[in-house]
Amino acid sequence: MHILFLTDNFPPEVNAPASRTYEHAIRWVAKGCEVTVITCFPNFPDGKIFSGYKNKWRKSELIDGINVIRVKTYMSANEGFFLRTLDYITFMINSFIIGLFQKKPDVIIATSPQFFTAISGWLLAIFHHRPFIFELRDIWPASIIAVGAMKKGLLIKLLERLELFLYKKADAIISLTNAFKKELIERGIREDKIFVVLNGVDLNLYKPISVKDPILIKKYSIQNKFIVGYIGTHGMAHALEVVIDAAKRLREHPEVLFMMVGSGAAKKKLIMAAKQEQLTNILFIDNQPKSVIKSYFSLCDVSLIHLKNKNVFSKVIPSKLFEAMGMGIPILIALPEGEATKIVDDYKCGISMAPEDGDQLAKNVLLLKSNNVLLQNFKIFSLKAAPNFSRENKANEMLDVLKKVSKAKL
């Protein structure tokens with residue numbers, strides 16, 4: 001089976017779409033599939049091309065058995081709607097052109113959150129006479145409105161029409177959450193073509209580490225600290241100003257440290273706010289490659305997951321939830337009540353709380369720090385939950401969908 005996969009994020013980028021695509025693709029290759037990925041040159045989230053790459057019209061690589069073709073795009077930092085849209089449109093055009101000249105695939109997958117990639121996938125499916133599969137990572141453009149990047153108006157209405165058009169044209173939709181599936185059904189999309197494949201964790205990479213990485217402890221001078229770690233994108237959707245608020249409330253507890261690892265549109269403002277408040281209990285660390293990220297997870301006594309208090313985010317499940325599970329780390333999740341908070345509650349692997357509440361965040365941090373029995377129980381249950389979301393199982397589930405759709409189209 002030849003799988004053609006379109007995604008604008010792929011390793012060495014380390015965000016959730018890049019990781020999911022790569023970790024699925026290597027497992028499909030191991031099962032005898034041929035996988036071709038068309039993607040950009042790595043630049044997320046800062047819009048700056050990674051060392052060792054140039055933004056050329058085309059470059060082919062073989063990465064762990066995956067045929068990777070990178071195409072030229074307009075690069076922009078992950079901030080600002082119009083410049084990011086220009087980034088998406090250039091990828092849509094160039095991925096389509098390059099996709100025309102690829103060996104005929106059995107299935108074509110395009111992944112969101114934005115759906116300009118899906119337009120390219122749909123057009124290529126028409127050209128190659130093959131099924132088009134829409135991998136739905138986020139409800140877009142609703143999430144644009146939720147983060148305040150745009151207000152509802154004519155443009156948003158047009159984007160919503162295009163969104164529904166692509167859902168209807170897809171031969172199958174692979175949704176990352178049950179909540180997304182429910183919403184699509186409510187909006188008139190046929191239930192029988194929507195399949196749910198949750199995110200997961202590579203248990204070969206993310207596994208418990210008995211001691212905190214001593215090299216990093218020494219490097220950042222964080223001995224004897226109770227570390228609340230946020231590892232991921234610092235974007236508009238994440239409302240991480242709450243950490244500044246909580247850190248201010250915990251000034252009198254110097255043993256508590258918030259460790260913020262990653263980059264994104266909001267990071268500069270967060271650093272400035274911490275400096276203005278003269279906070280010494282927040283440590284900002286640059287984005288790290290996938291190969292060392294587990295060492296940073298090892299430093300965490302608690303893993304913080306946070307999103308804005310908007311209803312659209314009740315339907316998402318951040319991938320860092322599963323990575324924390326794999327490492328056996330207690331989870332402090334602050335999202336609108338929904339599928340992700342239910343996982344944490346059902347598996348008893350942490351505390352769920354309302355988002356954007358610095359006072360409650362500070363209180364929960366102190367609760368976990370002071371109650372070692374509770375903390376250890378969360379560790380045990382977090383690790384116990386991880387196999388339910390193994391990347392191996394999720395890759396197999398998705399491959400079963402691809403085979404089913406491919407046969408049905410013949």
# chains A, B, ... in the order shown; residues from 1 in each chain; ligands from 1
>>> residues_around(residues="Val365 in chain A", least_positions_apart="6", cutoff="12 Å", atoms="only C-alpha atoms", output="ChimeraX atom specification")
/A:226-229,243,246-247,249-250,253,255-258,301-304,330-333,350-353,358-359,371-372,374-375
>>> write_last_selection(atoms="C-alpha atoms", output="PDB file, in the first residue's frame")
ATOM      1  CA  PHE A 226       9.325  21.031  43.131  1.00  0.00           C
ATOM      2  CA  ILE A 227       8.960  21.508  39.386  1.00  0.00           C
ATOM      3  CA  VAL A 228       5.707  22.191  37.579  1.00  0.00           C
ATOM      4  CA  GLY A 229       6.582  21.687  33.931  1.00  0.00           C
ATOM      5  CA  VAL A 243       1.396  30.824  35.111  1.00  0.00           C
ATOM      6  CA  ALA A 246       0.199  31.618  39.930  1.00  0.00           C
ATOM      7  CA  ALA A 247       3.937  32.311  40.254  1.00  0.00           C
ATOM      8  CA  ARG A 249       0.978  33.954  44.399  1.00  0.00           C
ATOM      9  CA  LEU A 250       3.744  31.466  45.198  1.00  0.00           C
ATOM     10  CA  HIS A 253       7.377  29.219  48.310  1.00  0.00           C
ATOM     11  CA  GLU A 255      10.982  25.596  46.495  1.00  0.00           C
ATOM     12  CA  VAL A 256       8.260  25.673  43.780  1.00  0.00           C
ATOM     13  CA  LEU A 257       9.458  26.325  40.224  1.00  0.00           C
ATOM     14  CA  PHE A 258       7.463  26.667  37.004  1.00  0.00           C
ATOM     15  CA  ASP A 301       7.080  16.607  39.483  1.00  0.00           C
ATOM     16  CA  VAL A 302       3.846  17.681  37.792  1.00  0.00           C
ATOM     17  CA  SER A 303       2.983  18.208  34.122  1.00  0.00           C
ATOM     18  CA  LEU A 304       0.838  21.284  33.446  1.00  0.00           C
ATOM     19  CA  PRO A 330       1.059  13.414  37.624  1.00  0.00           C
ATOM     20  CA  ILE A 331      -1.037  15.742  35.495  1.00  0.00           C
ATOM     21  CA  LEU A 332      -2.534  19.115  36.318  1.00  0.00           C
ATOM     22  CA  ILE A 333      -4.936  19.832  33.473  1.00  0.00           C
ATOM     23  CA  GLY A 350      -4.074  13.964  38.122  1.00  0.00           C
ATOM     24  CA  ILE A 351      -6.224  16.968  38.925  1.00  0.00           C
ATOM     25  CA  SER A 352      -8.556  18.698  36.485  1.00  0.00           C
ATOM     26  CA  MET A 353      -9.429  22.330  37.111  1.00  0.00           C
ATOM     27  CA  GLY A 358      -4.153  31.563  38.770  1.00  0.00           C
ATOM     28  CA  ASP A 359      -5.347  31.305  42.358  1.00  0.00           C
ATOM     29  CA  ASN A 371       0.553  15.559  49.814  1.00  0.00           C
ATOM     30  CA  ASN A 372       3.131  12.980  48.787  1.00  0.00           C
ATOM     31  CA  LEU A 374      -1.659  11.795  46.518  1.00  0.00           C
ATOM     32  CA  LEU A 375       1.295  12.649  44.256  1.00  0.00           C
TER      33      LEU A 375
END
>>> residues_around(residues="Pro17 in chain A", least_positions_apart="3", cutoff="9 Å", atoms="only C-alpha atoms", output="ChimeraX atom specification")
/A:7-10,14,20-22,111-113,137
>>> atom_distance(atom1="CA of Leu124 in chain A", atom2="CA of Ala110 in chain A")
10.2 Å
>>> atom_distance(atom1="CA of Lys369 in chain A", atom2="CA of Asp357 in chain A")
18.5 Å
>>> atom_distance(atom1="CA of Leu83 in chain A", atom2="CA of Ser263 in chain A")
18.1 Å
>>> select_by_dssp(residues="range 179-316 of chain A", states="strand (DSSP E or B)", output="list in words")
Ile194, Phe195, Val196, Val201, Phe226, Ile227, Val228, Gly229, Tyr230, Ile231, Val256, Leu257, Phe258, Met259, Met260, Val261, Ile282, Leu283, Phe284, Ile285, Val302, Ser303, Leu304, Ile305 and His306 of chain A
>>> write_last_selection(atoms="C-alpha atoms", output="mmCIF file, in the first residue's frame")
data_model
loop_
_atom_site.group_PDB
_atom_site.id
_atom_site.type_symbol
_atom_site.label_atom_id
_atom_site.label_comp_id
_atom_site.auth_asym_id
_atom_site.auth_seq_id
_atom_site.Cartn_x
_atom_site.Cartn_y
_atom_site.Cartn_z
ATOM 1 C CA ILE A 194 -16.014 9.420 10.450
ATOM 2 C CA PHE A 195 -13.474 7.335 12.355
ATOM 3 C CA VAL A 196 -11.923 8.293 15.688
ATOM 4 C CA VAL A 201 2.371 8.178 23.012
ATOM 5 C CA PHE A 226 9.325 21.031 43.131
ATOM 6 C CA ILE A 227 8.960 21.508 39.386
ATOM 7 C CA VAL A 228 5.707 22.191 37.579
ATOM 8 C CA GLY A 229 6.582 21.687 33.931
ATOM 9 C CA TYR A 230 4.824 23.092 30.902
ATOM 10 C CA ILE A 231 6.385 21.511 27.785
ATOM 11 C CA VAL A 256 8.260 25.673 43.780
ATOM 12 C CA LEU A 257 9.458 26.325 40.224
ATOM 13 C CA PHE A 258 7.463 26.667 37.004
ATOM 14 C CA MET A 259 9.542 25.320 34.098
ATOM 15 C CA MET A 260 8.357 26.520 30.678
ATOM 16 C CA VAL A 261 9.927 24.604 27.772
ATOM 17 C CA ILE A 282 9.735 30.725 36.497
ATOM 18 C CA LEU A 283 12.393 29.178 34.275
ATOM 19 C CA PHE A 284 12.008 29.732 30.517
ATOM 20 C CA ILE A 285 13.815 27.222 28.289
ATOM 21 C CA VAL A 302 3.846 17.681 37.792
ATOM 22 C CA SER A 303 2.983 18.208 34.122
ATOM 23 C CA LEU A 304 0.838 21.284 33.446
ATOM 24 C CA ILE A 305 -1.598 21.301 30.508
ATOM 25 C CA HIS A 306 -3.497 24.531 29.895
#
>>> closest_residue(among="A:Met327, A:Ala265, A:Ile133, A:Ala118", to="Val211 in chain A", atoms="only C-alpha atoms")
A:Met327
>>> select_by_dssp(residues="range 263-376 of chain A", states="alpha helix (DSSP H)", output="PyMOL selection string")
chain A and resi 267-276+290-297+320-327+339-347+358-370+372-376
>>> write_last_selection(atoms="N, CA and C atoms", output="compact mmCIF listing (two decimals), in the first residue's frame")
# COMPACT_ATOMS: atom_id res chain seq x y z
N LYS A 267 5.46 33.70 23.85
CA LYS A 267 6.58 33.50 24.77
C LYS A 267 7.28 34.81 25.15
N LYS A 268 7.52 35.68 24.19
CA LYS A 268 8.21 36.94 24.50
C LYS A 268 7.43 37.75 25.53
N LYS A 269 6.11 37.81 25.37
CA LYS A 269 5.29 38.56 26.32
C LYS A 269 5.35 37.94 27.71
N LEU A 270 5.38 36.62 27.76
CA LEU A 270 5.46 35.93 29.05
C LEU A 270 6.78 36.23 29.75
N ILE A 271 7.87 36.20 29.00
CA ILE A 271 9.19 36.50 29.57
C ILE A 271 9.23 37.93 30.09
N MET A 272 8.68 38.86 29.30
CA MET A 272 8.65 40.27 29.73
C MET A 272 7.82 40.44 31.00
N ALA A 273 6.68 39.75 31.06
CA ALA A 273 5.81 39.86 32.24
C ALA A 273 6.50 39.32 33.48
N ALA A 274 7.22 38.21 33.32
CA ALA A 274 7.94 37.63 34.46
C ALA A 274 9.05 38.57 34.94
N LYS A 275 9.72 39.24 34.00
CA LYS A 275 10.78 40.20 34.38
C LYS A 275 10.19 41.41 35.09
N GLN A 276 9.08 41.91 34.58
CA GLN A 276 8.43 43.07 35.19
C GLN A 276 8.00 42.77 36.62
N LYS A 290 13.27 16.55 19.80
CA LYS A 290 12.54 15.40 20.31
C LYS A 290 13.44 14.42 21.05
N SER A 291 14.68 14.33 20.60
CA SER A 291 15.60 13.34 21.17
C SER A 291 15.93 13.59 22.64
N VAL A 292 15.75 14.83 23.11
CA VAL A 292 16.11 15.13 24.50
C VAL A 292 14.91 15.56 25.34
N ILE A 293 13.73 15.63 24.73
CA ILE A 293 12.59 16.18 25.46
C ILE A 293 12.22 15.33 26.67
N LYS A 294 12.46 14.02 26.59
CA LYS A 294 12.12 13.17 27.75
C LYS A 294 12.99 13.52 28.95
N SER A 295 14.20 14.03 28.72
CA SER A 295 15.05 14.45 29.84
C SER A 295 14.44 15.64 30.56
N TYR A 296 13.77 16.52 29.80
CA TYR A 296 13.09 17.66 30.43
C TYR A 296 11.82 17.21 31.15
N PHE A 297 11.13 16.24 30.58
CA PHE A 297 9.98 15.66 31.29
C PHE A 297 10.43 15.03 32.61
N LYS A 320 0.38 16.27 24.84
CA LYS A 320 1.30 16.21 25.98
C LYS A 320 0.69 15.46 27.16
N LEU A 321 -0.63 15.29 27.16
CA LEU A 321 -1.29 14.48 28.18
C LEU A 321 -0.76 13.05 28.12
N PHE A 322 -0.67 12.49 26.93
CA PHE A 322 -0.24 11.11 26.78
C PHE A 322 1.26 10.95 27.02
N GLU A 323 2.03 11.97 26.66
CA GLU A 323 3.48 11.92 26.91
C GLU A 323 3.76 11.91 28.40
N ALA A 324 3.00 12.70 29.17
CA ALA A 324 3.14 12.69 30.62
C ALA A 324 2.77 11.33 31.20
N MET A 325 1.73 10.72 30.65
CA MET A 325 1.34 9.38 31.09
C MET A 325 2.47 8.39 30.87
N GLY A 326 3.07 8.44 29.68
CA GLY A 326 4.16 7.52 29.37
C GLY A 326 5.32 7.65 30.34
N MET A 327 5.55 8.87 30.81
CA MET A 327 6.64 9.12 31.76
C MET A 327 6.22 8.86 33.21
N GLU A 339 -13.49 16.10 26.92
CA GLU A 339 -12.92 14.77 26.73
C GLU A 339 -11.57 14.61 27.42
N ALA A 340 -10.72 15.63 27.36
CA ALA A 340 -9.40 15.53 27.98
C ALA A 340 -9.49 15.48 29.50
N THR A 341 -10.32 16.34 30.09
CA THR A 341 -10.45 16.33 31.55
C THR A 341 -11.09 15.02 32.02
N LYS A 342 -11.97 14.45 31.21
CA LYS A 342 -12.59 13.17 31.56
C LYS A 342 -11.57 12.05 31.60
N ILE A 343 -10.60 12.08 30.67
CA ILE A 343 -9.53 11.06 30.68
C ILE A 343 -8.74 11.14 31.98
N VAL A 344 -8.37 12.35 32.36
CA VAL A 344 -7.60 12.53 33.60
C VAL A 344 -8.41 12.06 34.81
N ASP A 345 -9.68 12.42 34.84
CA ASP A 345 -10.54 12.01 35.97
C ASP A 345 -10.79 10.51 35.98
N ASP A 346 -11.08 9.94 34.80
CA ASP A 346 -11.40 8.52 34.74
C ASP A 346 -10.21 7.65 35.11
N TYR A 347 -9.03 8.05 34.67
CA TYR A 347 -7.83 7.25 34.95
C TYR A 347 -7.15 7.66 36.26
N GLY A 358 -5.47 31.61 38.14
CA GLY A 358 -4.15 31.56 38.77
C GLY A 358 -4.20 31.18 40.23
N ASP A 359 -5.22 31.63 40.94
CA ASP A 359 -5.35 31.31 42.36
C ASP A 359 -5.53 29.81 42.56
N GLN A 360 -6.42 29.21 41.77
CA GLN A 360 -6.67 27.77 41.89
C GLN A 360 -5.45 26.96 41.45
N LEU A 361 -4.75 27.44 40.43
CA LEU A 361 -3.54 26.76 39.98
C LEU A 361 -2.50 26.74 41.11
N ALA A 362 -2.30 27.87 41.74
CA ALA A 362 -1.34 27.94 42.85
C ALA A 362 -1.74 27.01 43.98
N LYS A 363 -3.02 26.97 44.32
CA LYS A 363 -3.49 26.10 45.40
C LYS A 363 -3.30 24.62 45.07
N ASN A 364 -3.56 24.25 43.83
CA ASN A 364 -3.40 22.84 43.44
C ASN A 364 -1.93 22.43 43.42
N VAL A 365 -1.05 23.35 43.02
CA VAL A 365 0.38 23.07 43.05
C VAL A 365 0.83 22.80 44.50
N LEU A 366 0.38 23.64 45.42
CA LEU A 366 0.74 23.44 46.83
C LEU A 366 0.14 22.16 47.39
N LEU A 367 -1.07 21.81 46.96
CA LEU A 367 -1.68 20.55 47.39
C LEU A 367 -0.83 19.36 46.97
N LEU A 368 -0.40 19.34 45.72
CA LEU A 368 0.40 18.23 45.22
C LEU A 368 1.77 18.19 45.87
N LYS A 369 2.33 19.35 46.13
CA LYS A 369 3.64 19.41 46.78
C LYS A 369 3.58 18.89 48.22
N SER A 370 2.50 19.18 48.90
CA SER A 370 2.42 18.85 50.33
C SER A 370 1.87 17.46 50.61
N ASN A 372 2.31 13.92 49.54
CA ASN A 372 3.13 12.98 48.79
C ASN A 372 2.37 11.70 48.43
N VAL A 373 1.44 11.28 49.30
CA VAL A 373 0.65 10.08 49.01
C VAL A 373 -0.19 10.30 47.75
N LEU A 374 -0.85 11.46 47.69
CA LEU A 374 -1.66 11.80 46.52
C LEU A 374 -0.78 11.87 45.27
N LEU A 375 0.37 12.50 45.39
CA LEU A 375 1.29 12.65 44.26
C LEU A 375 1.74 11.28 43.74
N GLN A 376 2.11 10.38 44.64
CA GLN A 376 2.58 9.06 44.25
C GLN A 376 1.46 8.24 43.61
